[in-house]
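Undergrad: The structure's right below; bear with me while I get my questions together.
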Amino acid sequence: MNLLKKVTAALSAVVMLAGAVSAIPACAIGLHNHPESAFEYELETFYMSTDKVGVRLSITNNPGVSYFSFALMYDDNCTWDGLECESSNLPIRFICGEDEGKHIIVGSFLNTQMTPTQSDAFGTSSYFMEFNVAKGASYPLHFSSAIFDYKSTTENISFKYTINSDKPYYIPDSEIGVGIKNSTYRIGDVNGDNKITMDDGFDILQIARYGKNNLSVDDLNEYLIKHSYCQGARKAWSEAFPKLTYAECADANQDGSIKPEDSDEVMEYVSQAAASNITMSTLVNSIGYKKVTYEY
């Protein structure tokens with residue numbers, strides 16, 4: 001899971017030459033045609049599978065926006081597989097369409113009657129889009145984004161670019177390349193402290209119970225990425241287990257599902273490790289590898 005800042009091509013090159021091993025830090029993209037605006041958003045990409053990639057556009061700073069519309073331009077090797085709107089229960093009208101000729105998705109939040117409280121909540125909204133990647137396509141993939149319709153009474157900024165405008169609506173605020181790399185994880189370490197303790201075992205048991213004791217790793221990874229909600233709970237998976245980076249960490253025996261037996265295996269490992277007598281055959285505390293996206 002990786003976040004992008006609006007950066008120049010030169011700065012992007014410097015970042016790549018620096019050989020960053022982990023994700024680029026979370027930073028914000030501004031309005032290219034109104035740099036004085038405090039409105040900011042982020043793009044985040046996700047490796048879903050060998051033939052699918054996800055992109056999330058999230059508002060990170062809302063200075064008091066009445067409405068805005070965005071365009072996301074996607075790679076020729078991708079086809080759009082749907083969009084989900086992740087927002088609070090606000091009086092917002094959501095419109096989405098696709099311009100296949102230019103490989104553009106257009107989405108809008110339209111509301112001119114927001115109260116300040118609603119406007120603040122609006123600032124946490126995000127869109128999640130999935131793309132099928134053509135068989136045999138090579139990385140990097142390329143995406144770009146633009147806010148082309150915007151009104152903020154607070155900032156006294158209002159603009160709207162259309163297909164017939166002097167400036168095309170798809171001039172990007174930011175452009176990114178998306179690559180694939182292998183990332184490491186420690187099997188059994190679900191709280192991200194790089195060690196195996198009883199807390200990990202308890203957390204895995206809780207995860208298994210939320211997943212009705214037979215939760216697949218693929219499903220949990222998707223729940224974490226999409227901010228889906230836990231069984232019978234108001235918190236999203238990513239909120240309930242904020243330090244769980246990859247579902248694979250909770251799968252102690254790496255059989256592709258998370259069950260109470262995974263918690264038992266971690267607890268047995270902790271017990272034997274405390275006695276300095278590990279006799280069990282286990283993958284717990286070993287390093288695994290998985291493919292993830294990175295942006296530049």
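Residue numbering restarts at 1 for every chain of the structure tokens, chains are lettered A, B, ... in their displayed order, and ligands are numbered from 1 as they appear.
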Would you list the contacts of region 33-42 of chain A as a PyMOL selection string, taking every protein, DNA or RNA residue within 6 Å and counting only C-alpha atoms, but skipping same-chain residues closer than 3 positions in sequence?

TA: chain A and resi 28-30+57-63

Undergrad: How would the residues just picked look written out with all heavy atoms as a compact mmCIF listing (two decimals), in the first residue's frame?

TA:
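As written to disk, result.txt reads:
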```txt
# COMPACT_ATOMS: atom_id res chain seq x y z
N ALA A 28 0.62 15.02 -0.44
CA ALA A 28 -0.61 15.48 -1.06
C ALA A 28 -0.40 16.11 -2.42
O ALA A 28 0.67 16.64 -2.72
CB ALA A 28 -1.31 16.47 -0.14
N ILE A 29 -1.43 16.04 -3.25
CA ILE A 29 -1.46 16.65 -4.57
C ILE A 29 -2.36 17.88 -4.50
O ILE A 29 -3.45 17.82 -3.94
CB ILE A 29 -2.03 15.66 -5.61
CG1 ILE A 29 -1.22 14.37 -5.61
CG2 ILE A 29 -2.05 16.29 -7.01
CD1 ILE A 29 -1.87 13.26 -6.41
N GLY A 30 -1.90 18.98 -5.07
CA GLY A 30 -2.70 20.20 -5.08
C GLY A 30 -3.33 20.44 -6.44
O GLY A 30 -3.22 19.64 -7.36
N LEU A 57 -8.30 7.44 -4.77
CA LEU A 57 -8.16 8.90 -4.70
C LEU A 57 -8.85 9.34 -3.42
O LEU A 57 -10.05 9.10 -3.25
CB LEU A 57 -8.79 9.55 -5.93
CG LEU A 57 -8.64 11.07 -6.08
CD1 LEU A 57 -8.68 11.46 -7.57
CD2 LEU A 57 -9.74 11.83 -5.33
N SER A 58 -8.10 9.97 -2.52
CA SER A 58 -8.63 10.37 -1.22
C SER A 58 -8.42 11.86 -0.98
O SER A 58 -7.34 12.40 -1.26
CB SER A 58 -7.94 9.60 -0.09
OG SER A 58 -8.07 8.22 -0.26
N ILE A 59 -9.44 12.52 -0.46
CA ILE A 59 -9.29 13.93 -0.06
C ILE A 59 -8.56 13.97 1.27
O ILE A 59 -8.95 13.30 2.22
CB ILE A 59 -10.66 14.60 0.09
CG1 ILE A 59 -11.50 14.43 -1.17
CG2 ILE A 59 -10.50 16.08 0.44
CD1 ILE A 59 -12.95 14.82 -0.99
N THR A 60 -7.49 14.75 1.35
CA THR A 60 -6.72 14.84 2.59
C THR A 60 -6.84 16.20 3.27
O THR A 60 -6.58 16.31 4.46
CB THR A 60 -5.23 14.55 2.32
OG1 THR A 60 -4.75 15.45 1.31
CG2 THR A 60 -5.04 13.12 1.85
N ASN A 61 -7.19 17.23 2.52
CA ASN A 61 -7.42 18.54 3.14
C ASN A 61 -8.55 19.24 2.41
O ASN A 61 -8.48 19.47 1.20
CB ASN A 61 -6.16 19.41 3.10
CG ASN A 61 -6.32 20.64 3.96
OD1 ASN A 61 -6.61 20.54 5.15
ND2 ASN A 61 -6.14 21.82 3.39
N ASN A 62 -9.60 19.56 3.15
CA ASN A 62 -10.77 20.20 2.58
C ASN A 62 -10.93 21.59 3.19
O ASN A 62 -11.30 21.73 4.35
CB ASN A 62 -12.01 19.34 2.88
CG ASN A 62 -13.29 20.03 2.44
OD1 ASN A 62 -13.27 21.01 1.72
ND2 ASN A 62 -14.41 19.50 2.90
N PRO A 63 -10.65 22.64 2.44
CA PRO A 63 -10.72 24.00 2.98
C PRO A 63 -12.14 24.57 3.01
O PRO A 63 -12.33 25.74 3.33
CB PRO A 63 -9.85 24.80 2.01
CG PRO A 63 -10.00 24.08 0.71
CD PRO A 63 -10.11 22.62 1.07
```

Undergrad: Leaving out Asn191 (chain A) and any residue of its chain fewer than 2 positions from it, which residues lie within 6 Å of it when counting only C-alpha atoms, given as a ChimeraX atom specification?

TA: /A:189,193,243-244

Undergrad: Tell me, in Å to one decimal, how far CA of His32 (chain A) is from CA of Tyr139 (chain A).

TA: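 So the two atoms, CA of His32 (chain A) and CA of Tyr139 (chain A), lie 26.6 Å apart.
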
Undergrad: Could you name the residues that touch region 250-265 of chain A at 12 Å or less, counting only C-alpha atoms, but leaving out those on the same chain fewer than 6 positions away, as a PyMOL selection string?

TA: chain A and resi 185-192+196-221+241+243-244+271-272+280-289

Undergrad: How many Å separate CA of Thr45 (chain A) from CA of Pro242 (chain A)?

TA: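 Computed distance, CA of Thr45 (chain A) to CA of Pro242 (chain A), equals 18.0 Å.
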
Undergrad: Rank A:Glu222, A:Asp76, A:Glu130, A:Glu248 by their smallest atom-to-atom distance to Arg56 (chain A), using only C-alpha atoms, and report the top residue only.

TA: A:Glu130

Undergrad: Considering only C-alpha atoms, can you say which of A:Lys226, A:Gly107, A:Phe68, A:Phe128 comes closest to Lys160 (chain A)?

TA: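 Of A:Lys226, A:Gly107, A:Phe68, A:Phe128, the one nearest Lys160 (chain A), counting only C-alpha atoms, is A:Phe68.
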
Undergrad: Mind checking which residues fall within 6 Å of region 150-158 of chain A, counting only C-alpha atoms, ignoring those fewer than 6 positions away in the same chain, and posting them as a list in words?

TA: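 That gives Gly64, Val65, Ser66, Tyr67 and Phe68 of chain A.
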
Undergrad: To one decimal place, how far is CA of Ser138 (chain A) from CA of Asp173 (chain A) in Å?

TA: 24.9 Å

Undergrad: Residues within 10 Å of Ser228 (chain A), please, as a list in words. Count only C-alpha atoms; anything in the same chain fewer than 6 positions from it doesn't count.

TA: Glu86, Leu220, Glu222, Arg234, Lys235, Ala236, Trp237, Ser238 and Glu239 of chain A

Undergrad: Would you save the residues of that selection, restricted to all heavy atoms, as a tab-separated table (two decimals), in the first residue's frame?

TA:
```
chain	number	residue	atom	x	y	z
A	86	GLU	N	-16.19	5.75	-1.08
A	86	GLU	CA	-16.05	5.54	0.35
A	86	GLU	C	-16.23	6.87	1.06
A	86	GLU	O	-15.30	7.66	1.18
A	86	GLU	CB	-14.67	4.95	0.67
A	86	GLU	CG	-14.39	3.65	-0.06
A	86	GLU	CD	-12.93	3.26	0.01
A	86	GLU	OE1	-12.11	4.13	0.34
A	86	GLU	OE2	-12.63	2.10	-0.26
A	220	LEU	N	-9.16	-10.95	3.11
A	220	LEU	CA	-8.74	-9.99	4.13
A	220	LEU	C	-7.89	-8.89	3.52
A	220	LEU	O	-8.04	-7.71	3.87
A	220	LEU	CB	-7.99	-10.68	5.25
A	220	LEU	CG	-7.48	-9.76	6.38
A	220	LEU	CD1	-8.59	-8.88	6.93
A	220	LEU	CD2	-6.82	-10.57	7.48
A	222	GLU	N	-8.15	-7.71	0.58
A	222	GLU	CA	-9.09	-6.82	-0.13
A	222	GLU	C	-9.87	-5.97	0.86
A	222	GLU	O	-10.09	-4.78	0.62
A	222	GLU	CB	-10.04	-7.65	-0.98
A	222	GLU	CG	-10.93	-6.79	-1.88
A	222	GLU	CD	-11.66	-7.60	-2.94
A	222	GLU	OE1	-11.19	-8.70	-3.29
A	222	GLU	OE2	-12.70	-7.12	-3.41
A	234	ARG	N	-18.79	-1.77	13.58
A	234	ARG	CA	-18.84	-0.50	12.87
A	234	ARG	C	-17.49	-0.08	12.31
A	234	ARG	O	-17.41	0.74	11.41
A	234	ARG	CB	-19.37	0.60	13.80
A	234	ARG	CG	-20.85	0.42	14.18
A	234	ARG	CD	-21.38	1.63	14.92
A	234	ARG	NE	-22.79	1.52	15.17
A	234	ARG	CZ	-23.52	2.50	15.72
A	234	ARG	NH1	-22.93	3.63	16.08
A	234	ARG	NH2	-24.81	2.32	15.92
A	235	LYS	N	-16.43	-0.64	12.86
A	235	LYS	CA	-15.10	-0.28	12.40
A	235	LYS	C	-14.72	-1.05	11.15
A	235	LYS	O	-15.04	-2.23	11.02
A	235	LYS	CB	-14.06	-0.54	13.50
A	235	LYS	CG	-14.03	0.49	14.61
A	235	LYS	CD	-12.86	0.22	15.53
A	235	LYS	CE	-12.73	1.32	16.59
A	235	LYS	NZ	-11.56	1.09	17.46
A	236	ALA	N	-14.02	-0.38	10.26
A	236	ALA	CA	-13.48	-1.07	9.09
A	236	ALA	C	-12.33	-1.97	9.53
A	236	ALA	O	-11.72	-1.76	10.58
A	236	ALA	CB	-13.01	-0.06	8.05
A	237	TRP	N	-12.03	-2.97	8.72
A	237	TRP	CA	-10.90	-3.86	9.03
A	237	TRP	C	-9.63	-3.07	9.24
A	237	TRP	O	-8.86	-3.35	10.15
A	237	TRP	CB	-10.70	-4.86	7.89
A	237	TRP	CG	-11.68	-5.98	7.88
A	237	TRP	CD1	-12.87	-6.04	7.19
A	237	TRP	CD2	-11.59	-7.23	8.58
A	237	TRP	NE1	-13.50	-7.23	7.42
A	237	TRP	CE2	-12.73	-7.98	8.26
A	237	TRP	CE3	-10.62	-7.77	9.43
A	237	TRP	CZ2	-12.95	-9.26	8.79
A	237	TRP	CZ3	-10.84	-9.05	9.94
A	237	TRP	CH2	-11.98	-9.77	9.62
A	238	SER	N	-9.39	-2.07	8.39
A	238	SER	CA	-8.16	-1.28	8.48
A	238	SER	C	-8.13	-0.44	9.76
A	238	SER	O	-7.05	-0.07	10.23
A	238	SER	CB	-8.01	-0.37	7.26
A	238	SER	OG	-9.18	0.41	7.07
A	239	GLU	N	-9.29	-0.12	10.32
A	239	GLU	CA	-9.35	0.61	11.58
A	239	GLU	C	-9.24	-0.33	12.78
A	239	GLU	O	-8.61	0.01	13.78
A	239	GLU	CB	-10.66	1.41	11.67
A	239	GLU	CG	-10.80	2.51	10.66
A	239	GLU	CD	-12.15	3.20	10.76
A	239	GLU	OE1	-13.17	2.57	10.43
A	239	GLU	OE2	-12.16	4.37	11.18
```
